[in-house]
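Shown here: protein.pdb, PDB, C-alpha atoms.
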ATOM      1  CA  MET A  22       0.000   0.000   0.000  1.00  0.00           C
ATOM      2  CA  THR A  23       2.872   2.356   0.800  1.00  0.00           C
ATOM      3  CA  LEU A  24       4.403   1.690  -2.642  1.00  0.00           C
ATOM      4  CA  LEU A  25       1.048   2.383  -4.338  1.00  0.00           C
ATOM      5  CA  ALA A  26       0.564   5.621  -2.402  1.00  0.00           C
ATOM      6  CA  THR A  27       4.056   6.767  -3.289  1.00  0.00           C
ATOM      7  CA  ALA A  28       3.462   6.037  -6.960  1.00  0.00           C
ATOM      8  CA  GLN A  29       0.140   8.010  -6.922  1.00  0.00           C
ATOM      9  CA  HIS A  30       1.822  10.923  -5.193  1.00  0.00           C
ATOM     10  CA  LEU A  31       4.594  10.967  -7.747  1.00  0.00           C
ATOM     11  CA  ALA A  32       2.070  10.751 -10.569  1.00  0.00           C
ATOM     12  CA  ARG A  33       0.275  13.916  -9.278  1.00  0.00           C
ATOM     13  CA  ASP A  34       3.612  15.691  -9.025  1.00  0.00           C
ATOM     14  CA  THR A  35       4.389  14.649 -12.574  1.00  0.00           C
ATOM     15  CA  ARG A  36       1.168  16.164 -13.896  1.00  0.00           C
ATOM     16  CA  ARG A  37       2.096  19.462 -12.233  1.00  0.00           C
ATOM     17  CA  ASN A  38       5.657  19.246 -13.583  1.00  0.00           C
ATOM     18  CA  PRO A  39       5.801  17.263 -16.864  1.00  0.00           C
ATOM     19  CA  ARG A  40       9.576  17.585 -16.989  1.00  0.00           C
ATOM     20  CA  ALA A  41       9.863  15.498 -13.848  1.00  0.00           C
ATOM     21  CA  HIS A  42       8.375  12.342 -15.469  1.00  0.00           C
ATOM     22  CA  LEU A  43      11.761  10.588 -15.435  1.00  0.00           C
ATOM     23  CA  LEU A  44      12.073  10.674 -11.652  1.00  0.00           C
ATOM     24  CA  PRO A  45       9.180   8.288 -10.817  1.00  0.00           C
ATOM     25  CA  ILE A  46      10.250   5.847 -13.516  1.00  0.00           C
ATOM     26  CA  ILE A  47      13.797   5.691 -12.182  1.00  0.00           C
ATOM     27  CA  LEU A  48      12.598   5.448  -8.598  1.00  0.00           C
ATOM     28  CA  SER A  49      10.163   2.645  -9.422  1.00  0.00           C
ATOM     29  CA  ALA A  50      12.878   0.725 -11.269  1.00  0.00           C
ATOM     30  CA  VAL A  51      15.253   1.040  -8.309  1.00  0.00           C
ATOM     31  CA  ILE A  52      12.579  -0.185  -5.878  1.00  0.00           C
ATOM     32  CA  ALA A  53      11.680  -3.149  -8.098  1.00  0.00           C
ATOM     33  CA  ALA A  54      15.324  -4.114  -8.603  1.00  0.00           C
ATOM     34  CA  SER A  55      15.951  -3.947  -4.865  1.00  0.00           C
ATOM     35  CA  ALA A  56      12.955  -6.187  -4.156  1.00  0.00           C
ATOM     36  CA  ILE A  57      14.083  -8.766  -6.746  1.00  0.00           C
ATOM     37  CA  ALA A  58      17.620  -8.749  -5.342  1.00  0.00           C
ATOM     38  CA  LEU A  59      16.301  -9.289  -1.814  1.00  0.00           C
ATOM     39  CA  VAL A  60      14.121 -12.248  -2.847  1.00  0.00           C
ATOM     40  CA  ALA A  61      16.967 -13.817  -4.849  1.00  0.00           C
ATOM     41  CA  TYR A  62      19.329 -13.463  -1.891  1.00  0.00           C
ATOM     42  CA  LEU A  63      16.888 -15.120   0.505  1.00  0.00           C
ATOM     43  CA  LEU A  64      16.092 -18.006  -1.843  1.00  0.00           C
ATOM     44  CA  TRP A  65      19.622 -18.666  -3.158  1.00  0.00           C
ATOM     45  CA  PRO A  66      20.821 -22.140  -2.010  1.00  0.00           C
ATOM     46  CA  THR A  67      23.673 -22.179   0.479  1.00  0.00           C
ATOM     47  CA  TYR A  68      24.769 -25.787  -0.142  1.00  0.00           C
ATOM     48  CA  ALA A  69      27.220 -27.041  -2.758  1.00  0.00           C
ATOM     49  CA  THR A  70      25.971 -29.589  -5.263  1.00  0.00           C
ATOM     50  CA  VAL A  71      27.940 -32.846  -5.567  1.00  0.00           C
ATOM     51  CA  PRO A  72      27.983 -34.628  -8.922  1.00  0.00           C
ATOM     52  CA  PRO A  73      26.403 -38.092  -8.741  1.00  0.00           C
ATOM     53  CA  SER A  74      28.715 -41.096  -8.878  1.00  0.00           C
ATOM     54  CA  ASP A  75      28.144 -44.755  -9.684  1.00  0.00           C
ATOM     55  CA  PRO A  76      27.613 -47.091  -6.725  1.00  0.00           C
ATOM     56  CA  SER A  77      30.464 -49.473  -5.998  1.00  0.00           C
ATOM     57  CA  ARG A  78      28.304 -52.502  -6.876  1.00  0.00           C
ATOM     58  CA  LEU A  79      25.363 -53.012  -9.203  1.00  0.00           C
ATOM     59  CA  PRO A  80      22.477 -55.429  -8.582  1.00  0.00           C
ATOM     60  CA  VAL A  81      21.716 -57.093 -11.913  1.00  0.00           C
ATOM     61  CA  SER A  82      19.320 -59.876 -12.806  1.00  0.00           C
ATOM     62  CA  VAL A  83      20.500 -62.328 -15.480  1.00  0.00           C
ATOM     63  CA  GLY A  84      18.232 -65.217 -16.377  1.00  0.00           C
ATOM     64  CA  GLY A  85      16.103 -64.351 -13.350  1.00  0.00           C
ATOM     65  CA  THR A  86      19.127 -64.768 -11.042  1.00  0.00           C
ATOM     66  CA  LEU A  87      20.368 -61.877  -8.910  1.00  0.00           C
ATOM     67  CA  PHE A  88      24.058 -60.932  -9.009  1.00  0.00           C
ATOM     68  CA  ASN A  89      25.898 -58.054  -7.332  1.00  0.00           C
ATOM     69  CA  VAL A  90      28.767 -57.039  -9.602  1.00  0.00           C
ATOM     70  CA  PRO A  91      31.412 -54.339  -9.067  1.00  0.00           C
ATOM     71  CA  THR A  92      30.597 -51.339 -11.232  1.00  0.00           C
ATOM     72  CA  LEU A  93      34.185 -50.846 -12.412  1.00  0.00           C
ATOM     73  CA  ALA A  94      34.457 -54.518 -13.393  1.00  0.00           C
ATOM     74  CA  VAL A  95      31.750 -54.161 -16.090  1.00  0.00           C
ATOM     75  CA  ARG A  96      33.607 -53.984 -19.396  1.00  0.00           C
ATOM     76  CA  MET A  97      30.896 -52.409 -21.579  1.00  0.00           C
ATOM     77  CA  LYS A  98      29.431 -49.025 -20.641  1.00  0.00           C
ATOM     78  CA  ILE A  99      26.009 -49.986 -22.032  1.00  0.00           C
ATOM     79  CA  GLN A 100      25.846 -52.820 -19.457  1.00  0.00           C
ATOM     80  CA  ARG A 101      26.759 -50.571 -16.527  1.00  0.00           C
ATOM     81  CA  HIS A 102      23.267 -50.303 -15.020  1.00  0.00           C
ATOM     82  CA  SER A 103      21.164 -52.205 -12.510  1.00  0.00           C
ATOM     83  CA  GLY A 104      18.125 -54.325 -13.320  1.00  0.00           C
ATOM     84  CA  PRO A 105      17.437 -57.206 -15.730  1.00  0.00           C
ATOM     85  CA  GLN A 106      20.048 -57.904 -18.397  1.00  0.00           C
ATOM     86  CA  GLU A 107      20.583 -60.672 -20.927  1.00  0.00           C
ATOM     87  CA  ARG A 108      24.362 -60.678 -20.488  1.00  0.00           C
ATOM     88  CA  VAL A 109      27.045 -58.898 -18.464  1.00  0.00           C
ATOM     89  CA  ASP A 110      30.777 -58.952 -19.308  1.00  0.00           C
ATOM     90  CA  LEU A 111      33.304 -58.318 -16.548  1.00  0.00           C
ATOM     91  CA  SER A 112      37.021 -58.478 -15.834  1.00  0.00           C
ATOM     92  CA  PHE A 113      38.972 -58.814 -12.574  1.00  0.00           C
ATOM     93  CA  LEU A 114      42.627 -58.307 -11.801  1.00  0.00           C
ATOM     94  CA  TYR A 115      44.504 -61.467 -10.862  1.00  0.00           C
ATOM     95  CA  PRO A 116      45.441 -62.481  -8.243  1.00  0.00           C
ATOM     96  CA  SER A 117      43.825 -59.640  -6.243  1.00  0.00           C
ATOM     97  CA  LEU A 118      40.388 -60.196  -7.888  1.00  0.00           C
ATOM     98  CA  GLU A 119      39.787 -56.450  -7.612  1.00  0.00           C
ATOM     99  CA  ALA A 120      37.946 -54.487 -10.295  1.00  0.00           C
ATOM    100  CA  PRO A 121      40.450 -52.890 -12.703  1.00  0.00           C
ATOM    101  CA  ALA A 122      40.945 -49.138 -12.879  1.00  0.00           C
ATOM    102  CA  ALA A 123      39.714 -47.115 -15.856  1.00  0.00           C
ATOM    103  CA  PRO A 124      41.697 -47.981 -19.014  1.00  0.00           C
ATOM    104  CA  LYS A 125      44.545 -45.712 -19.971  1.00  0.00           C
ATOM    105  CA  HIS A 126      44.484 -43.809 -23.245  1.00  0.00           C
ATOM    106  CA  TYR A 127      47.518 -44.363 -25.427  1.00  0.00           C
ATOM    107  CA  SER A 128      48.754 -42.363 -28.372  1.00  0.00           C
ATOM    108  CA  ALA A 129      51.048 -43.411 -31.195  1.00  0.00           C
ATOM    109  CA  ASP A 130      53.926 -41.784 -29.299  1.00  0.00           C
ATOM    110  CA  THR A 131      53.333 -43.500 -25.956  1.00  0.00           C
ATOM    111  CA  ILE A 132      52.131 -46.999 -26.857  1.00  0.00           C
ATOM    112  CA  GLU A 133      54.676 -49.746 -26.397  1.00  0.00           C
ATOM    113  CA  ASP A 134      55.550 -52.148 -29.190  1.00  0.00           C
ATOM    114  CA  LYS A 135      55.712 -55.205 -26.958  1.00  0.00           C
ATOM    115  CA  VAL A 136      52.587 -57.234 -26.165  1.00  0.00           C
ATOM    116  CA  GLN A 137      51.173 -56.422 -22.743  1.00  0.00           C
ATOM    117  CA  PRO A 138      50.774 -59.458 -20.443  1.00  0.00           C
ATOM    118  CA  ILE A 139      47.238 -60.515 -19.511  1.00  0.00           C
ATOM    119  CA  ASP A 140      46.769 -59.886 -15.799  1.00  0.00           C
ATOM    120  CA  ARG A 141      43.043 -60.457 -15.415  1.00  0.00           C
ATOM    121  CA  ILE A 142      40.273 -63.021 -15.459  1.00  0.00           C
ATOM    122  CA  PHE A 143      37.376 -62.328 -17.831  1.00  0.00           C
ATOM    123  CA  VAL A 144      33.875 -63.355 -16.774  1.00  0.00           C
ATOM    124  CA  SER A 145      30.651 -63.403 -18.785  1.00  0.00           C
ATOM    125  CA  ILE A 146      27.277 -63.915 -17.110  1.00  0.00           C
ATOM    126  CA  ALA A 147      24.540 -64.877 -19.586  1.00  0.00           C
ATOM    127  CA  ALA A 148      21.043 -66.339 -19.404  1.00  0.00           C
ATOM    128  CA  HIS A 149      21.202 -70.002 -20.484  1.00  0.00           C
ATOM    129  CA  HIS A 150      17.549 -70.373 -21.612  1.00  0.00           C
ATOM    130  CA  ASP A 151      17.530 -74.072 -20.644  1.00  0.00           C
ATOM    131  CA  SER A 152      20.491 -74.969 -22.852  1.00  0.00           C
ATOM    132  CA  LEU A 153      22.610 -78.014 -21.988  1.00  0.00           C
ATOM    133  CA  ALA A 154      24.302 -77.502 -18.614  1.00  0.00           C
ATOM    134  CA  PRO A 155      28.127 -77.450 -18.482  1.00  0.00           C
ATOM    135  CA  ASP A 156      28.310 -80.615 -16.344  1.00  0.00           C
ATOM    136  CA  MET A 157      26.016 -82.443 -18.778  1.00  0.00           C
ATOM    137  CA  ARG A 158      28.172 -81.322 -21.697  1.00  0.00           C
ATOM    138  CA  LEU A 159      31.202 -82.706 -19.890  1.00  0.00           C
ATOM    139  CA  ARG A 160      29.555 -86.122 -19.457  1.00  0.00           C
ATOM    140  CA  THR A 161      27.688 -86.520 -22.749  1.00  0.00           C
ATOM    141  CA  ILE A 162      29.220 -84.312 -25.459  1.00  0.00           C
ATOM    142  CA  TYR A 163      32.963 -83.943 -24.859  1.00  0.00           C
ATOM    143  CA  PRO A 164      33.723 -87.705 -24.620  1.00  0.00           C
ATOM    144  CA  ARG A 165      32.655 -88.150 -28.251  1.00  0.00           C
ATOM    145  CA  TYR A 166      35.501 -85.960 -29.492  1.00  0.00           C
ATOM    146  CA  LEU A 167      38.342 -86.761 -27.068  1.00  0.00           C
ATOM    147  CA  ASN A 168      41.443 -88.819 -27.694  1.00  0.00           C
ATOM    148  CA  ASP A 169      41.941 -91.831 -25.458  1.00  0.00           C
ATOM    149  CA  ALA A 170      45.351 -90.769 -24.183  1.00  0.00           C
ATOM    150  CA  GLU A 171      45.325 -88.831 -20.934  1.00  0.00           C
ATOM    151  CA  ALA A 172      48.204 -87.028 -19.239  1.00  0.00           C
ATOM    152  CA  THR A 173      48.223 -86.118 -15.568  1.00  0.00           C
ATOM    153  CA  ASN A 174      50.495 -83.549 -13.961  1.00  0.00           C
ATOM    154  CA  ASP A 175      50.269 -82.305 -10.372  1.00  0.00           C
ATOM    155  CA  GLY A 176      46.690 -83.550 -10.017  1.00  0.00           C
ATOM    156  CA  LEU A 177      45.533 -81.962 -13.293  1.00  0.00           C
ATOM    157  CA  ALA A 178      44.339 -84.375 -16.003  1.00  0.00           C
ATOM    158  CA  MET A 179      44.556 -83.372 -19.667  1.00  0.00           C
ATOM    159  CA  ARG A 180      43.051 -84.965 -22.789  1.00  0.00           C
ATOM    160  CA  ALA A 181      43.264 -83.600 -26.324  1.00  0.00           C
ATOM    161  CA  PHE A 182      40.262 -83.201 -28.621  1.00  0.00           C
ATOM    162  CA  ARG A 183      40.648 -84.940 -31.959  1.00  0.00           C
ATOM    163  CA  ASP A 184      41.445 -82.838 -35.009  1.00  0.00           C
ATOM    164  CA  GLY A 185      38.473 -82.218 -37.292  1.00  0.00           C
ATOM    165  CA  THR A 186      35.999 -82.151 -34.401  1.00  0.00           C
ATOM    166  CA  PRO A 187      34.155 -79.026 -33.184  1.00  0.00           C
ATOM    167  CA  TYR A 188      36.830 -78.664 -30.487  1.00  0.00           C
ATOM    168  CA  GLY A 189      39.882 -79.450 -32.598  1.00  0.00           C
ATOM    169  CA  GLY A 190      43.032 -77.659 -31.443  1.00  0.00           C
ATOM    170  CA  GLU A 191      41.865 -77.659 -27.809  1.00  0.00           C
ATOM    171  CA  ASP A 192      42.535 -79.736 -24.699  1.00  0.00           C
ATOM    172  CA  LEU A 193      40.184 -80.658 -21.892  1.00  0.00           C
ATOM    173  CA  VAL A 194      41.662 -80.205 -18.415  1.00  0.00           C
ATOM    174  CA  THR A 195      39.976 -81.518 -15.286  1.00  0.00           C
ATOM    175  CA  ALA A 196      40.733 -81.790 -11.587  1.00  0.00           C
ATOM    176  CA  SER A 197      38.753 -82.869  -8.555  1.00  0.00           C
ATOM    177  CA  GLU A 198      40.258 -81.056  -5.554  1.00  0.00           C
ATOM    178  CA  PRO A 199      39.585 -78.211  -5.938  1.00  0.00           C
ATOM    179  CA  ALA A 200      37.159 -78.882  -8.788  1.00  0.00           C
ATOM    180  CA  LEU A 201      38.197 -77.532 -12.183  1.00  0.00           C
ATOM    181  CA  THR A 202      36.975 -78.153 -15.714  1.00  0.00           C
ATOM    182  CA  ALA A 203      38.197 -76.094 -18.651  1.00  0.00           C
ATOM    183  CA  ARG A 204      38.698 -76.214 -22.400  1.00  0.00           C
ATOM    184  CA  CYS A 205      42.039 -74.686 -23.356  1.00  0.00           C
ATOM    185  CA  SER A 206      43.295 -73.669 -26.775  1.00  0.00           C
ATOM    186  CA  ARG A 207      46.933 -74.452 -27.528  1.00  0.00           C
ATOM    187  CA  ASP A 208      49.704 -71.918 -27.804  1.00  0.00           C
ATOM    188  CA  THR A 209      50.301 -70.850 -31.404  1.00  0.00           C
ATOM    189  CA  SER A 210      51.198 -67.395 -32.697  1.00  0.00           C
ATOM    190  CA  THR A 211      49.016 -66.155 -29.838  1.00  0.00           C
ATOM    191  CA  PRO A 212      48.978 -67.488 -26.268  1.00  0.00           C
ATOM    192  CA  GLY A 213      46.424 -70.180 -25.533  1.00  0.00           C
ATOM    193  CA  MET A 214      43.345 -69.336 -23.489  1.00  0.00           C
ATOM    194  CA  CYS A 215      41.190 -71.459 -21.192  1.00  0.00           C
ATOM    195  CA  LEU A 216      37.419 -71.373 -20.864  1.00  0.00           C
ATOM    196  CA  SER A 217      35.649 -72.684 -17.767  1.00  0.00           C
ATOM    197  CA  GLU A 218      31.856 -72.700 -17.334  1.00  0.00           C
ATOM    198  CA  ARG A 219      29.528 -73.129 -14.392  1.00  0.00           C
ATOM    199  CA  ARG A 220      25.785 -72.719 -13.952  1.00  0.00           C
ATOM    200  CA  ILE A 221      24.065 -70.755 -11.180  1.00  0.00           C
ATOM    201  CA  GLU A 222      20.280 -71.060 -11.363  1.00  0.00           C
ATOM    202  CA  GLY A 223      19.145 -69.287 -14.574  1.00  0.00           C
ATOM    203  CA  ALA A 224      22.576 -68.045 -15.668  1.00  0.00           C
ATOM    204  CA  ASP A 225      25.847 -69.495 -16.941  1.00  0.00           C
ATOM    205  CA  LEU A 226      29.168 -68.010 -15.827  1.00  0.00           C
ATOM    206  CA  THR A 227      32.009 -68.316 -18.345  1.00  0.00           C
ATOM    207  CA  PHE A 228      35.561 -67.650 -17.087  1.00  0.00           C
ATOM    208  CA  ARG A 229      38.471 -66.993 -19.451  1.00  0.00           C
ATOM    209  CA  PHE A 230      42.139 -66.913 -18.463  1.00  0.00           C
ATOM    210  CA  PRO A 231      45.560 -67.624 -20.046  1.00  0.00           C
ATOM    211  CA  ARG A 232      46.519 -71.270 -20.455  1.00  0.00           C
ATOM    212  CA  SER A 233      49.892 -70.532 -18.873  1.00  0.00           C
ATOM    213  CA  TRP A 234      48.108 -69.992 -15.541  1.00  0.00           C
ATOM    214  CA  LEU A 235      47.417 -73.728 -15.330  1.00  0.00           C
ATOM    215  CA  ALA A 236      50.804 -73.986 -13.645  1.00  0.00           C
ATOM    216  CA  GLN A 237      48.926 -72.629 -10.591  1.00  0.00           C
ATOM    217  CA  TRP A 238      45.640 -74.334 -11.390  1.00  0.00           C
ATOM    218  CA  ARG A 239      44.595 -74.681  -7.742  1.00  0.00           C
ATOM    219  CA  ASP A 240      44.813 -70.915  -7.262  1.00  0.00           C
ATOM    220  CA  ILE A 241      42.789 -70.359 -10.448  1.00  0.00           C
ATOM    221  CA  ALA A 242      40.068 -72.797  -9.363  1.00  0.00           C
ATOM    222  CA  THR A 243      39.858 -71.135  -5.945  1.00  0.00           C
ATOM    223  CA  ALA A 244      39.715 -67.669  -7.536  1.00  0.00           C
ATOM    224  CA  MET A 245      36.755 -68.676  -9.747  1.00  0.00           C
ATOM    225  CA  ASP A 246      34.947 -70.106  -6.720  1.00  0.00           C
ATOM    226  CA  ARG A 247      35.514 -66.856  -4.813  1.00  0.00           C
ATOM    227  CA  LEU A 248      34.267 -64.665  -7.659  1.00  0.00           C
ATOM    228  CA  SER A 249      31.157 -66.798  -8.117  1.00  0.00           C
ATOM    229  CA  ALA A 250      30.340 -66.638  -4.393  1.00  0.00           C
ATOM    230  CA  GLN A 251      31.006 -62.902  -4.122  1.00  0.00           C
ATOM    231  CA  MET A 252      28.803 -61.974  -7.070  1.00  0.00           C
ATOM    232  CA  HIS A 253      25.942 -64.306  -6.203  1.00  0.00           C
ATOM    233  CA  SER A 254      26.012 -63.776  -2.442  1.00  0.00           C
ATOM    234  CA  ALA A 255      23.004 -61.908  -1.054  1.00  0.00           C
ATOM    235  CA  LYS A 256      25.412 -59.642   0.824  1.00  0.00           C
ATOM    236  CA  GLY A 257      27.491 -59.033  -2.339  1.00  0.00           C
TER     237      GLY A 257
END

Same coordinates, now as structure tokens:
Amino acid sequence: MTLLATAQHLARDTRRNPRAHLLPIILSAVIAASAIALVAYLLWPTYATVPPSDPSRLPVSVGGTLFNVPTLAVRMKIQRHSGPQERVDLSFLYPSLEAPAAPKHYSADTIEDKVQPIDRIFVSIAAHHDSLAPDMRLRTIYPRYLNDAEATNDGLAMRAFRDGTPYGGEDLVTASEPALTARCSRDTSTPGMCLSERRIEGADLTFRFPRSWLAQWRDIATAMDRLSAQMHSAKG
């Protein structure tokens, strides 16, 4: 009401003195600007915003089975979200089994010519859709393509697949304590790799690691058991 009365008073003064019409306009603008500044000051937030960050672990459902996976272990950015997924690809440093740090960016001037050693275990979790279980494949499919000769070294048995079969160029390695089953390609121009599968409810876990690590096969078998338990544990 005071502001309105002031404006009316100034308007009457303006009619008496037309040359003074600029004064009320300037005064009104100053009053309005002061009011806006006061409101903005009172409403301006006093806290600092913190950018959101990914949680350390992601709950994902694969084949209707719940897994808690480390966020940084997920290899593909498109898979780095919680909820149902058809497949999740991960990698873990060995032997620490920690999630790897973000990959480094190399240029033509900084990249090394030598081949970098593989220092991690790769894991894929995929829905199996009622396909043949890994243990059934071991009992019913693999024996059809294996050679009869078997070599055993430090508790690890090895049989070669026959050439010309679907698994030609690979060997089947098995052990009972701790349990280990893997198909391993042979060293050629590139180092051989091993593939070990296990089923947990509606999902199959596929582990990949260098064949050379079979020299410590007990540690590898234990590491795969630990990763499976950590990811499928309700406590994560």

Excluding stretch 203-219 of chain A and its own-chain neighbours fewer than 2 positions away, which residues fall within 6 Å of it when counting all atoms listed in the file? Please give them as a short mmCIF file (atom, residue, chain, number, x, y, z; two decimals) with C-alpha atoms, in the frame of the given file.
data_model
loop_
_atom_site.label_atom_id
_atom_site.label_comp_id
_atom_site.auth_asym_id
_atom_site.auth_seq_id
_atom_site.Cartn_x
_atom_site.Cartn_y
_atom_site.Cartn_z
CA GLU A 191 41.86 -77.66 -27.81
CA ASP A 192 42.54 -79.74 -24.70
CA LEU A 193 40.18 -80.66 -21.89
CA VAL A 194 41.66 -80.20 -18.42
CA ASP A 225 25.85 -69.50 -16.94
CA LEU A 226 29.17 -68.01 -15.83
CA THR A 227 32.01 -68.32 -18.34
CA PHE A 228 35.56 -67.65 -17.09
CA ARG A 229 38.47 -66.99 -19.45
CA PHE A 230 42.14 -66.91 -18.46
CA PRO A 231 45.56 -67.62 -20.05
CA ARG A 232 46.52 -71.27 -20.45
#

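One finds atom CA of A:Gly84 at 28.2 Å from atom CA of A:Ser197.
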
> Written as number ranges by chain, which residues does the PyMOL selection byres ((chain A and resi 91-107) around 9) give for the file shown?
Replying inline: A: 75-85, 87, 89-90, 108-113, 119-123, 146-148, 252

C-alpha atoms of the current selection, written as a PDB file, in the frame of the given file:
ATOM      1  CA  ASP A  75      28.144 -44.755  -9.684  1.00  0.00           C
ATOM      2  CA  PRO A  76      27.613 -47.091  -6.725  1.00  0.00           C
ATOM      3  CA  SER A  77      30.464 -49.473  -5.998  1.00  0.00           C
ATOM      4  CA  ARG A  78      28.304 -52.502  -6.876  1.00  0.00           C
ATOM      5  CA  LEU A  79      25.363 -53.012  -9.203  1.00  0.00           C
ATOM      6  CA  PRO A  80      22.477 -55.429  -8.582  1.00  0.00           C
ATOM      7  CA  VAL A  81      21.716 -57.093 -11.913  1.00  0.00           C
ATOM      8  CA  SER A  82      19.320 -59.876 -12.806  1.00  0.00           C
ATOM      9  CA  VAL A  83      20.500 -62.328 -15.480  1.00  0.00           C
ATOM     10  CA  GLY A  84      18.232 -65.217 -16.377  1.00  0.00           C
ATOM     11  CA  GLY A  85      16.103 -64.351 -13.350  1.00  0.00           C
ATOM     12  CA  LEU A  87      20.368 -61.877  -8.910  1.00  0.00           C
ATOM     13  CA  ASN A  89      25.898 -58.054  -7.332  1.00  0.00           C
ATOM     14  CA  VAL A  90      28.767 -57.039  -9.602  1.00  0.00           C
ATOM     15  CA  ARG A 108      24.362 -60.678 -20.488  1.00  0.00           C
ATOM     16  CA  VAL A 109      27.045 -58.898 -18.464  1.00  0.00           C
ATOM     17  CA  ASP A 110      30.777 -58.952 -19.308  1.00  0.00           C
ATOM     18  CA  LEU A 111      33.304 -58.318 -16.548  1.00  0.00           C
ATOM     19  CA  SER A 112      37.021 -58.478 -15.834  1.00  0.00           C
ATOM     20  CA  PHE A 113      38.972 -58.814 -12.574  1.00  0.00           C
ATOM     21  CA  GLU A 119      39.787 -56.450  -7.612  1.00  0.00           C
ATOM     22  CA  ALA A 120      37.946 -54.487 -10.295  1.00  0.00           C
ATOM     23  CA  PRO A 121      40.450 -52.890 -12.703  1.00  0.00           C
ATOM     24  CA  ALA A 122      40.945 -49.138 -12.879  1.00  0.00           C
ATOM     25  CA  ALA A 123      39.714 -47.115 -15.856  1.00  0.00           C
ATOM     26  CA  ILE A 146      27.277 -63.915 -17.110  1.00  0.00           C
ATOM     27  CA  ALA A 147      24.540 -64.877 -19.586  1.00  0.00           C
ATOM     28  CA  ALA A 148      21.043 -66.339 -19.404  1.00  0.00           C
ATOM     29  CA  MET A 252      28.803 -61.974  -7.070  1.00  0.00           C
TER      30      MET A 252
END

> What is the atom CA of A:Asp184 to atom CA of A:Ala172 distance in Å?
Replying inline: 17.7 Å

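Residue nearest A:Asn168, chosen from A:Ser152, A:Arg183, A:Gln237, A:Asp140 and counting only C-alpha atoms: A:Arg183.
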
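Across A:His149, A:Arg165, A:Arg141, A:Arg158, the tightest approach to A:Ala244 is made by A:Arg141 when counting only C-alpha atoms.
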
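Rounded to one decimal, atom CA of A:Pro199 and atom CA of A:Ile241 lie 9.6 Å from each other.
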